[in-house]
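Chemist: Compact mmCIF, C-alpha atoms, file upload_37.txt:
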```txt
# COMPACT_ATOMS: atom_id res chain seq x y z
CA MET A 1 43.38 -1.01 -41.88
CA ALA A 2 42.52 2.70 -41.65
CA PRO A 3 44.50 4.25 -38.79
CA ASP A 4 41.79 6.90 -38.22
CA LEU A 5 38.94 4.40 -37.97
CA GLU A 6 36.94 4.98 -34.74
CA CYS A 7 33.98 2.59 -35.13
CA LEU A 8 33.96 -0.92 -36.63
CA ILE A 9 30.60 -2.73 -36.66
CA LEU A 10 30.60 -6.29 -37.97
CA LYS A 11 27.34 -7.30 -36.34
CA ASP A 12 25.73 -10.57 -37.57
CA CYS A 13 28.56 -11.40 -40.00
CA SER A 14 27.77 -15.08 -39.59
CA ASN A 15 30.62 -16.30 -41.84
CA LEU A 16 33.32 -14.24 -40.14
CA VAL A 17 35.86 -16.46 -38.39
CA ASN A 18 38.73 -14.12 -37.53
CA LEU A 19 39.56 -10.43 -37.46
CA PRO A 20 42.39 -9.39 -39.80
CA SER A 21 45.85 -9.29 -38.25
CA SER A 22 46.14 -5.66 -39.33
CA ILE A 23 43.53 -4.67 -36.72
CA ASP A 24 46.36 -3.31 -34.55
CA GLY A 25 46.75 -0.51 -37.07
CA CYS A 26 43.45 1.02 -35.93
CA LYS A 27 45.02 3.15 -33.22
CA CYS A 28 41.93 5.37 -32.91
CA LEU A 29 39.34 2.56 -32.72
CA ARG A 30 36.81 3.27 -29.96
CA THR A 31 33.96 0.88 -30.81
CA LEU A 32 34.24 -2.74 -31.95
CA ASN A 33 30.99 -4.67 -32.44
CA LEU A 34 31.20 -8.39 -33.25
CA SER A 35 27.79 -9.34 -31.86
CA GLY A 36 26.17 -12.23 -33.71
CA CYS A 37 29.44 -13.34 -35.34
CA SER A 38 28.75 -16.90 -34.27
CA LYS A 39 31.92 -18.43 -35.74
CA VAL A 40 34.34 -16.11 -33.98
CA GLU A 41 35.98 -18.17 -31.20
CA THR A 42 38.95 -15.95 -30.38
CA LEU A 43 40.48 -12.54 -31.00
CA PRO A 44 43.86 -11.79 -32.56
CA GLU A 45 46.64 -11.22 -30.05
CA ASN A 46 47.68 -7.94 -31.64
CA LEU A 47 44.28 -6.45 -30.76
CA ARG A 48 45.87 -5.78 -27.38
CA HIS A 49 47.67 -2.81 -28.94
CA VAL A 50 44.38 -1.02 -29.70
CA GLU A 51 44.32 0.72 -26.33
CA SER A 52 41.78 3.33 -27.40
CA LEU A 53 38.82 0.88 -27.23
CA GLU A 54 35.88 2.15 -25.18
CA GLU A 55 33.10 -0.25 -26.30
CA LEU A 56 33.54 -3.94 -27.09
CA ASP A 57 30.53 -6.10 -27.96
CA LEU A 58 31.22 -9.83 -28.25
CA SER A 59 27.60 -10.93 -27.73
CA GLU A 60 26.57 -14.29 -29.24
CA THR A 61 30.02 -15.13 -30.51
CA ALA A 62 31.60 -18.54 -29.94
CA ILE A 63 34.11 -17.09 -27.49
CA ARG A 64 34.25 -19.11 -24.28
CA ASN A 65 37.74 -18.34 -23.00
CA PRO A 66 38.34 -14.65 -23.82
CA PRO A 67 41.95 -13.44 -24.02
CA SER A 68 43.21 -11.84 -20.84
CA PHE A 69 44.31 -8.63 -22.58
CA ILE A 70 40.63 -7.61 -22.94
CA PHE A 71 40.53 -7.17 -19.20
CA GLN A 72 43.50 -4.79 -19.21
CA TYR A 73 41.93 -2.11 -21.40
CA LYS A 74 42.20 1.02 -19.26
CA ASN A 75 39.77 3.03 -21.41
CA LEU A 76 37.09 0.36 -21.90
CA LYS A 77 33.69 1.56 -20.66
CA VAL A 78 31.21 -0.97 -22.10
CA LEU A 79 31.85 -4.72 -22.39
CA SER A 80 29.30 -7.35 -23.44
CA PHE A 81 29.55 -11.14 -23.56
CA ASN A 82 25.78 -11.64 -23.79
CA GLY A 83 25.04 -15.19 -24.95
CA CYS A 84 28.67 -16.35 -25.06
CA LYS A 85 28.28 -20.00 -24.11
CA GLY A 86 31.19 -21.53 -25.97
CA PRO A 87 31.55 -23.39 -29.26
CA PRO A 88 28.90 -23.52 -32.01
CA THR A 89 25.74 -25.53 -31.48
CA LYS A 90 26.76 -28.83 -33.11
CA LEU A 91 30.04 -29.03 -31.25
CA ARG A 92 28.39 -28.07 -27.99
CA SER A 93 25.76 -30.76 -28.49
CA SER A 94 28.43 -33.45 -28.77
CA PHE A 95 30.04 -32.14 -25.58
CA LYS A 96 26.69 -32.41 -23.79
CA VAL A 97 26.51 -36.11 -24.62
CA GLN A 98 29.99 -36.66 -23.21
CA LEU A 99 29.05 -34.76 -20.06
CA ARG A 100 25.73 -36.65 -19.68
CA GLY A 101 23.64 -33.56 -20.21
CA SER A 102 25.61 -31.28 -17.91
CA THR A 103 26.16 -27.76 -19.21
CA ASP A 104 27.92 -26.48 -16.10
CA SER A 105 31.41 -26.71 -17.60
CA MET A 106 30.37 -25.03 -20.87
CA GLY A 107 30.03 -21.50 -19.54
CA LEU A 108 32.15 -18.45 -20.18
CA ILE A 109 35.52 -18.57 -18.39
CA LEU A 110 36.44 -15.22 -16.91
CA PRO A 111 39.96 -14.15 -15.93
CA PRO A 112 40.57 -11.49 -13.25
CA LEU A 113 38.61 -8.31 -13.95
CA SER A 114 40.53 -5.77 -11.89
CA GLY A 115 42.23 -4.10 -14.87
CA LEU A 116 38.93 -2.65 -16.16
CA THR A 117 39.10 0.47 -14.03
CA SER A 118 36.99 2.63 -16.41
CA LEU A 119 34.25 0.07 -17.08
CA THR A 120 30.73 1.40 -16.49
CA GLU A 121 28.63 -1.39 -18.09
CA LEU A 122 29.24 -5.14 -17.99
CA ASN A 123 26.89 -7.63 -19.67
CA LEU A 124 27.41 -11.28 -18.72
CA SER A 125 23.86 -12.41 -19.40
CA ASP A 126 23.13 -15.93 -20.69
CA CYS A 127 26.76 -17.01 -20.38
CA ASN A 128 26.00 -20.20 -18.42
CA LEU A 129 27.97 -18.88 -15.47
CA CYS A 130 27.84 -21.34 -12.58
CA GLU A 131 28.69 -21.11 -8.90
CA GLY A 132 32.08 -19.46 -8.41
CA ALA A 133 32.40 -18.37 -12.05
CA ILE A 134 32.25 -14.65 -11.24
CA PRO A 135 35.72 -13.51 -10.13
CA SER A 136 35.77 -12.12 -6.61
CA ASP A 137 37.82 -9.15 -7.82
CA ILE A 138 34.72 -7.83 -9.55
CA CYS A 139 34.70 -5.42 -6.59
CA CYS A 140 37.67 -3.67 -8.23
CA LEU A 141 35.46 -2.33 -11.05
CA SER A 142 35.25 0.99 -9.27
CA SER A 143 33.42 2.77 -12.11
CA LEU A 144 30.79 0.08 -12.72
CA GLU A 145 27.23 1.42 -12.88
CA LYS A 146 25.29 -1.28 -14.73
CA LEU A 147 25.67 -5.07 -14.33
CA ASN A 148 23.65 -7.64 -16.28
CA LEU A 149 23.90 -11.22 -15.00
CA CYS A 150 20.52 -12.53 -16.08
CA GLY A 151 19.96 -16.09 -17.33
CA ASN A 152 22.91 -17.71 -15.51
CA ASN A 153 23.23 -20.78 -13.27
CA PHE A 154 24.97 -19.63 -10.08
CA ILE A 155 23.38 -20.22 -6.69
CA SER A 156 24.82 -17.19 -4.94
CA LEU A 157 26.71 -14.00 -5.74
CA PRO A 158 30.15 -12.92 -4.56
CA ALA A 159 29.83 -10.94 -1.35
CA THR A 160 32.37 -8.50 -2.78
CA LEU A 161 29.67 -7.10 -5.09
CA THR A 162 28.54 -4.90 -2.22
CA ARG A 163 31.76 -2.88 -2.57
CA LEU A 164 30.74 -1.47 -5.96
CA SER A 165 29.96 2.03 -4.77
CA LYS A 166 28.67 3.38 -8.11
CA LEU A 167 26.48 0.43 -9.04
CA GLY A 168 23.06 1.70 -10.05
CA PHE A 169 21.40 -1.22 -11.85
CA VAL A 170 21.67 -5.00 -11.49
CA ASP A 171 19.70 -7.49 -13.59
CA LEU A 172 19.51 -11.04 -12.23
CA SER A 173 16.35 -12.03 -14.07
CA ASP A 174 15.96 -15.73 -14.91
CA CYS A 175 18.82 -16.86 -12.68
CA ARG A 176 16.69 -19.85 -11.76
CA ARG A 177 19.18 -21.46 -9.39
CA LEU A 178 19.86 -18.30 -7.39
CA LYS A 179 18.84 -18.85 -3.77
CA THR A 180 20.26 -15.94 -1.80
CA LEU A 181 21.42 -12.37 -2.30
CA PRO A 182 24.06 -10.55 -0.29
CA HIS A 183 23.50 -7.03 1.01
CA LEU A 184 23.40 -6.04 -2.64
CA LEU A 185 20.04 -4.31 -2.34
CA THR A 186 21.51 -1.88 0.16
CA ASN A 187 24.21 -0.77 -2.22
CA VAL A 188 22.44 -0.52 -5.57
CA GLN A 189 21.48 3.07 -6.27
CA TYR A 190 18.46 2.46 -8.47
CA CYS A 191 17.12 -0.97 -9.40
CA VAL A 192 17.56 -4.69 -8.79
CA ARG A 193 15.70 -7.01 -11.14
CA ILE A 194 15.12 -10.56 -9.91
CA ASN A 195 12.23 -11.46 -12.22
CA GLY A 196 11.87 -15.20 -12.78
CA CYS A 197 14.31 -16.15 -10.00
CA ASP A 198 12.00 -18.92 -8.86
CA SER A 199 14.54 -20.52 -6.45
CA LEU A 200 15.30 -17.27 -4.63
CA GLU A 201 14.25 -17.57 -1.01
CA VAL A 202 16.09 -14.90 0.94
CA PHE A 203 17.75 -11.57 0.44
CA ALA A 204 19.48 -9.60 3.12
CA ASN A 205 17.59 -6.79 4.76
CA PRO A 206 19.15 -3.35 4.33
CA SER A 207 21.12 -1.87 7.18
CA THR A 208 22.17 1.40 5.57
CA ILE A 209 21.55 3.20 2.28
CA ARG A 210 24.05 5.54 0.71
CA SER A 211 23.17 9.23 0.72
CA SER A 212 23.52 9.46 -3.07
CA ILE A 213 20.54 7.18 -3.66
CA HIS A 214 17.42 9.00 -4.88
CA ARG A 215 15.28 5.95 -5.53
CA SER A 216 15.50 2.22 -4.83
CA ARG A 217 13.37 -0.43 -6.45
CA ILE A 218 13.07 -4.21 -6.61
CA SER A 219 11.29 -6.04 -9.41
CA GLY A 220 10.49 -9.58 -8.29
CA ILE A 221 7.96 -10.85 -10.82
CA ASN A 222 7.22 -14.57 -10.38
CA CYS A 223 9.50 -14.85 -7.33
CA TYR A 224 7.02 -17.10 -5.54
CA LYS A 225 9.44 -18.63 -3.04
CA LEU A 226 10.60 -15.17 -2.06
CA ALA A 227 6.99 -14.16 -1.49
CA GLU A 228 6.38 -17.24 0.64
CA ASN A 229 9.44 -16.76 2.82
CA ASN A 230 9.45 -12.99 3.22
CA ASN A 231 6.86 -10.47 4.32
CA VAL A 232 6.96 -7.75 1.69
CA LEU A 233 5.24 -5.21 3.92
CA ARG A 234 7.81 -5.84 6.60
CA MET A 235 10.58 -5.29 4.05
CA LEU A 236 8.92 -2.05 2.95
CA LYS A 237 8.82 -0.79 6.51
CA LYS A 238 12.48 -1.59 7.04
CA TYR A 239 13.38 0.44 3.97
CA ILE A 240 11.20 3.32 5.16
CA LYS A 241 12.88 3.25 8.55
CA ILE A 242 16.35 3.41 6.97
CA LEU A 243 15.38 6.10 4.47
CA GLY A 244 14.04 8.26 7.27
CA ASN A 245 12.80 11.77 6.50
CA SER A 246 14.50 12.11 3.13
CA ASN A 247 13.44 12.59 -0.49
CA ARG A 248 14.25 8.98 -1.45
CA SER A 249 11.45 6.72 -2.64
CA PHE A 250 11.25 2.93 -2.71
CA ASP A 251 9.04 0.43 -4.51
CA ILE A 252 8.83 -3.34 -4.94
CA ILE A 253 6.86 -5.79 -7.11
CA ILE A 254 6.36 -9.30 -5.78
CA PRO A 255 3.64 -12.02 -6.02
CA GLY A 256 0.60 -11.38 -3.84
CA ARG A 257 -3.20 -11.26 -4.04
CA LYS A 258 -4.66 -9.13 -1.30
CA ILE A 259 -4.16 -5.52 -0.28
CA PRO A 260 -2.94 -5.82 3.34
CA GLU A 261 -5.29 -4.67 6.08
CA TRP A 262 -2.56 -2.21 7.09
CA PHE A 263 -3.86 0.07 4.31
CA PRO A 264 -7.00 1.78 5.71
CA HIS A 265 -8.05 3.44 2.43
CA LYS A 266 -8.93 0.94 -0.32
CA SER A 267 -10.43 1.01 -3.78
CA ASP A 268 -11.63 -1.65 -6.23
CA GLU A 269 -10.39 0.50 -9.09
CA SER A 270 -6.99 1.57 -10.43
CA SER A 271 -7.04 4.92 -8.62
CA ILE A 272 -7.63 6.10 -5.09
CA LYS A 273 -7.93 9.39 -3.19
CA MET A 274 -7.08 10.13 0.42
CA PRO A 275 -7.66 13.39 2.30
CA LEU A 276 -4.56 14.84 3.89
CA PRO A 277 -4.65 16.34 7.39
CA ARG A 278 -4.34 20.10 7.33
CA ASN A 279 -0.71 21.26 7.69
CA ILE A 280 0.53 17.68 7.65
CA GLN A 281 3.87 18.94 6.35
CA ASN A 282 4.43 20.50 9.77
CA ASP A 283 3.90 17.19 11.61
CA SER A 284 7.37 15.98 12.60
CA GLN A 285 6.08 12.42 13.13
CA TRP A 286 4.76 12.07 9.59
CA MET A 287 7.15 10.26 7.23
CA GLY A 288 5.31 9.92 3.92
CA VAL A 289 2.71 7.95 1.95
CA THR A 290 2.61 4.28 0.96
CA PHE A 291 0.54 2.95 -1.92
CA CYS A 292 -0.24 -0.64 -2.85
CA CYS A 293 -1.99 -2.13 -5.88
CA ASN A 294 -2.82 -5.65 -6.99
CA PHE A 295 -2.48 -6.29 -10.72
CA ASP A 296 -2.98 -9.22 -13.04
CA SER A 297 -2.34 -9.91 -16.72
CA ALA A 298 -3.84 -12.00 -19.47
CA PHE A 299 -1.96 -13.84 -22.20
CA SER A 300 -0.64 -11.51 -24.87
CA ASP A 301 1.54 -11.58 -27.96
CA ASP A 302 3.03 -8.26 -26.84
CA CYS A 303 6.60 -8.33 -25.55
CA TRP A 304 6.27 -5.59 -22.94
CA ALA A 305 3.67 -3.60 -21.07
CA ASP A 306 4.17 -0.55 -18.88
CA VAL A 307 2.58 -0.05 -15.47
CA ILE A 308 2.88 3.61 -14.52
CA CYS A 309 2.03 5.38 -11.27
CA HIS A 310 0.80 8.99 -11.32
CA ALA A 311 0.64 10.81 -7.99
CA VAL A 312 -1.04 14.18 -7.45
CA ILE A 313 -1.81 16.39 -4.48
CA HIS A 314 -4.94 18.45 -5.12
CA GLY A 315 -5.54 21.70 -3.31
CA VAL A 316 -4.73 25.38 -3.36
CA ASN A 317 -1.14 24.39 -4.05
CA SER A 318 -1.87 21.44 -6.36
CA ARG A 319 1.11 19.62 -7.80
CA GLU A 320 1.68 16.57 -9.94
CA PHE A 321 4.77 14.47 -9.39
CA ARG A 322 6.92 12.89 -12.03
CA PRO A 323 5.37 9.52 -12.96
CA PHE A 324 7.37 6.35 -12.54
CA GLY A 325 6.69 2.80 -13.56
CA HIS A 326 7.78 -0.73 -14.38
CA GLY A 327 8.15 -2.44 -17.71
CA ILE A 328 6.70 -5.95 -17.52
CA GLU A 329 7.99 -8.59 -19.88
CA PHE A 330 5.14 -10.88 -20.87
CA LYS A 331 7.17 -14.03 -21.11
CA TYR A 332 6.54 -14.17 -17.34
CA ARG A 333 2.73 -13.91 -17.71
CA PRO A 334 2.46 -12.49 -14.18
CA LYS A 335 -0.63 -13.45 -12.18
CA ASP A 336 -1.66 -11.62 -9.03
CA HIS A 337 1.25 -9.41 -8.06
CA LEU A 338 1.51 -6.55 -5.59
CA TRP A 339 3.25 -3.26 -6.27
CA LEU A 340 4.11 -1.34 -3.10
CA ILE A 341 5.39 2.23 -3.31
CA TYR A 342 6.73 4.59 -0.66
CA LEU A 343 6.76 8.34 -1.33
CA PRO A 344 8.62 10.28 1.39
CA ARG A 345 7.42 13.56 2.85
CA ASP A 346 10.32 15.57 1.42
CA LEU A 347 9.33 14.43 -2.05
CA LEU A 348 5.67 15.35 -1.47
CA TYR A 349 6.45 18.59 0.37
CA PRO A 350 9.94 19.83 -0.53
CA SER A 351 11.16 22.44 1.93
CA SER A 352 11.14 25.06 -0.83
CA SER A 353 7.52 24.34 -1.74
CA VAL A 354 5.85 24.62 1.67
CA VAL A 355 3.18 27.25 1.20
CA LYS A 356 1.02 28.58 4.01
CA CYS A 357 -2.73 28.78 3.62
CA GLY A 358 -3.67 31.70 1.40
CA GLU A 359 -0.24 31.99 -0.20
CA THR A 360 0.70 30.80 -3.68
CA ASP A 361 3.78 29.89 -5.65
CA SER A 362 3.37 30.08 -9.42
CA LEU A 363 6.14 27.55 -9.97
CA LEU A 364 4.20 24.81 -8.20
CA ILE A 365 0.54 25.43 -8.96
CA THR A 366 -0.97 23.17 -11.62
CA ASN A 367 -4.61 23.34 -10.61
CA LEU A 368 -6.52 26.13 -8.88
CA GLU A 369 -9.95 24.48 -8.74
CA ASP A 370 -9.76 24.03 -4.97
CA HIS A 371 -9.88 27.21 -2.90
CA GLU A 372 -9.71 25.54 0.51
CA CYS A 373 -6.42 24.84 2.26
CA ASP A 374 -7.36 21.15 2.68
CA GLU A 375 -5.54 18.85 0.30
CA VAL A 376 -6.20 15.42 -1.21
CA PHE A 377 -3.61 12.87 -2.26
CA GLU A 378 -4.52 10.90 -5.40
CA CYS A 379 -2.69 7.95 -6.91
CA ASP A 380 -3.59 6.52 -10.30
CA ILE A 381 -2.13 3.46 -12.05
CA VAL A 382 -2.13 3.52 -15.84
CA CYS A 383 -1.46 0.27 -17.71
CA ASP A 384 -1.04 -0.63 -21.34
CA GLY A 385 -1.42 -4.06 -22.91
CA PRO A 386 -3.39 -6.73 -21.04
CA VAL A 387 -2.35 -5.63 -17.54
CA LYS A 388 -5.28 -4.87 -15.24
CA VAL A 389 -5.24 -3.31 -11.79
CA LYS A 390 -7.81 -5.06 -9.57
CA LYS A 391 -7.63 -2.98 -6.42
CA CYS A 392 -5.41 -0.59 -4.52
CA GLY A 393 -4.84 0.95 -1.12
CA VAL A 394 -3.06 3.94 0.43
CA ARG A 395 -1.85 4.96 3.88
CA LEU A 396 -0.12 7.82 5.65
CA VAL A 397 3.02 6.59 7.39
CA TYR A 398 4.07 7.87 10.79
CA GLU A 399 7.05 6.94 12.90
CA LYS A 400 4.84 4.98 15.28
CA ASP A 401 3.77 2.71 12.40
CA LEU A 402 7.31 1.41 12.09
CA GLU A 403 7.40 0.63 15.80
CA GLU A 404 4.30 -1.56 15.44
CA MET A 405 5.80 -3.98 12.89
CA GLU A 406 5.66 -6.99 15.21
CA GLU A 407 1.98 -6.45 16.02
CA THR A 408 1.08 -6.08 12.34
CA GLN A 409 2.98 -9.28 11.47
CA ILE A 410 0.44 -11.45 13.30
CA CYS A 411 -2.48 -10.00 11.32
CA LEU A 412 -0.60 -10.27 8.03
CA LYS A 413 0.10 -13.97 8.45
CA ARG A 414 -3.59 -14.64 9.03
CA ASP A 415 -4.61 -12.62 5.97
CA HIS A 416 -2.05 -14.27 3.71
CA ASN A 417 -2.94 -17.78 4.82
CA GLN A 418 -6.56 -17.09 3.93
CA ASN A 419 -5.32 -15.99 0.51
CA GLY A 420 -3.31 -19.11 -0.17
CA TRP A 421 0.05 -17.40 0.53
CA LYS A 422 2.16 -18.13 3.59
CA LYS A 423 3.38 -14.57 3.54
CA LEU A 424 3.15 -11.64 1.20
```
The structure given in the file should be rewritten as structure tokens.
Modeler:
Amino acid sequence: MAPDLECLILKDCSNLVNLPSSIDGCKCLRTLNLSGCSKVETLPENLRHVESLEELDLSETAIRNPPSFIFQYKNLKVLSFNGCKGPPTKLRSSFKVQLRGSTDSMGLILPPLSGLTSLTELNLSDCNLCEGAIPSDICCLSSLEKLNLCGNNFISLPATLTRLSKLGFVDLSDCRRLKTLPHLLTNVQYCVRINGCDSLEVFANPSTIRSSIHRSRISGINCYKLAENNNVLRMLKKYIKILGNSNRSFDIIIPGRKIPEWFPHKSDESSIKMPLPRNIQNDSQWMGVTFCCNFDSAFSDDCWADVICHAVIHGVNSREFRPFGHGIEFKYRPKDHLWLIYLPRDLLYPSSSVVKCGETDSLLITNLEDHECDEVFECDIVCDGPVKVKKCGVRLVYEKDLEEMEETQICLKRDHNQNGWKKL
């Protein structure tokens, strides 16, 4: 084969059984894509000599026991086994009969992972991984930023996952047997998806959050047991307390019907305004703003819908903040969920943007309609597809609010029981 070849894409070559033995001649090969090659069950041994590989996609192949040399590639950055459940369908069906319907032993078999020191993305989704199938040395993937484990059958995750210091995104969606999470949420820089994890009951509360984190989010669509066993407002407050007076935001989506009474400003629409106390940015006890909305969805043929939050402060120094949102996959058909958002004071009033009454800063002004120094915070939720926001609420958060968590808990339980939920 061509020694200068850098990219080889054989995607969906459904009749391909083996790679040619001359593959080791591709000394410059960086990308190898065999996704959808459903008859490929193994890789040639001499592929180990192609040490230049940076991306290897083996999604939806028949590989169940991958060769160990894959996990020694020092330059490999992206590795995908998405949908690798073993032999082709007919053969797997006969195995199911022998195993009396059990599919636990048919998952991908992983060797030690510690050799993948440059790996940034690992996709092990829909690999029928069961309890104990994820090697504990996954913590040695020191460069890992994105981990996809969705659609598997384990009950818990290795505690060593918390050592992945660069991990920014974890997808555990549709892991229907998953019951608990380690302190993973503390360590993930950006997002944890647990959508459709309907057995999940508990995840560890955060104790610390790394200084490099700019935003943390949890997407828990259809996690009804989690909603029943955990108070989402209490979780939000614990995150706020850990984040402190920083510029790091946090948001979470979880089943729920009613805007908690803790939010004094409420609206039956998708937007809400709240006046801000004059010179609030100089109040050392003020921590930020929390927003909560209740949304619902109707049946749709669409695959995705976006729910986007727009936040604005109106006044002499008006400013609009970068919108952020969630993509909702409609296979879940979410009914009555709550989206809670925390925006810290240093995000709303960066130290460089504090402007005294009567002064202006052309870099920050987006609206000069208001000539008073009083300001108004506005939050607006924009949805596409069949998603509808029913109501929303907003609140200023002060340090004393976090000290009153126990008192609020009693009221929350009463409200949620009236709503048909044990807890939010």
Chemist: Taking all atoms listed in the file into account, which of A:Gly393, A:Val307, A:Leu76, A:Ile155 comes nearest A:Pro264?
Modeler: A:Gly393
Chemist: Residues at most 10 Å from A:Ile109, counting only C-alpha atoms, excluding those fewer than 6 positions away in the same chain, as a list of chain:residue names?
Modeler: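 My reading of the contact set: A:Ile63, A:Arg64, A:Asn65, A:Pro66, A:Pro67, A:Cys84, A:Lys85, A:Gly86, A:Cys127, A:Asn128, A:Leu129, A:Ala133, A:Ile134, A:Pro135.
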Chemist: Rounded to one decimal, what separation in Å do you get between atom CA of A:Ser249 and atom CA of A:Cys309?
Modeler: 12.8 Å
Chemist: What lies within 12 Å of A:Leu47 using only C-alpha atoms, ignoring chain neighbours under 2 positions off, as a list in words?
Modeler: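 The filter keeps Asn18, Leu19, Pro20, Ser21, Ser22, Ile23, Asp24, Gly25, Cys26, Lys27, Leu29, Leu32, Thr42, Leu43, Pro44, Glu45, His49, Val50, Glu51, Ser52, Leu53, Leu56, Pro67, Ser68, Phe69, Ile70, Gln72 and Tyr73 of chain A.
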Chemist: For A:His337, please output as a list in words all residues within 10 Å (counting only C-alpha atoms; exclusion window: fewer than 5 positions along the same chain).
Modeler: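 After dropping sequence-adjacent residues, the list is Gly220, Ile221, Asn222, Cys223, Tyr224, Ala227, Ile253, Ile254, Pro255, Gly256, Arg257, Lys258, Cys293, Asn294, Phe295, Asp296, Ser297, Val389 and Leu424 of chain A.
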Chemist: Find the residue from A:Cys379, A:Leu58, A:Val394, A:Ala311 that sits nearest to A:Ser271; use only C-alpha atoms when measuring.
Modeler: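 Between A:Cys379, A:Leu58, A:Val394, A:Ala311, the residue approaching A:Ser271 most closely is A:Cys379.
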Chemist: For atom CA of A:Cys139 and atom CA of A:Ser114, determine how far apart the two atoms are, in Å to one decimal place.
Modeler: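 If I compute the distance from atom CA of A:Cys139 to atom CA of A:Ser114, I get 7.9 Å.
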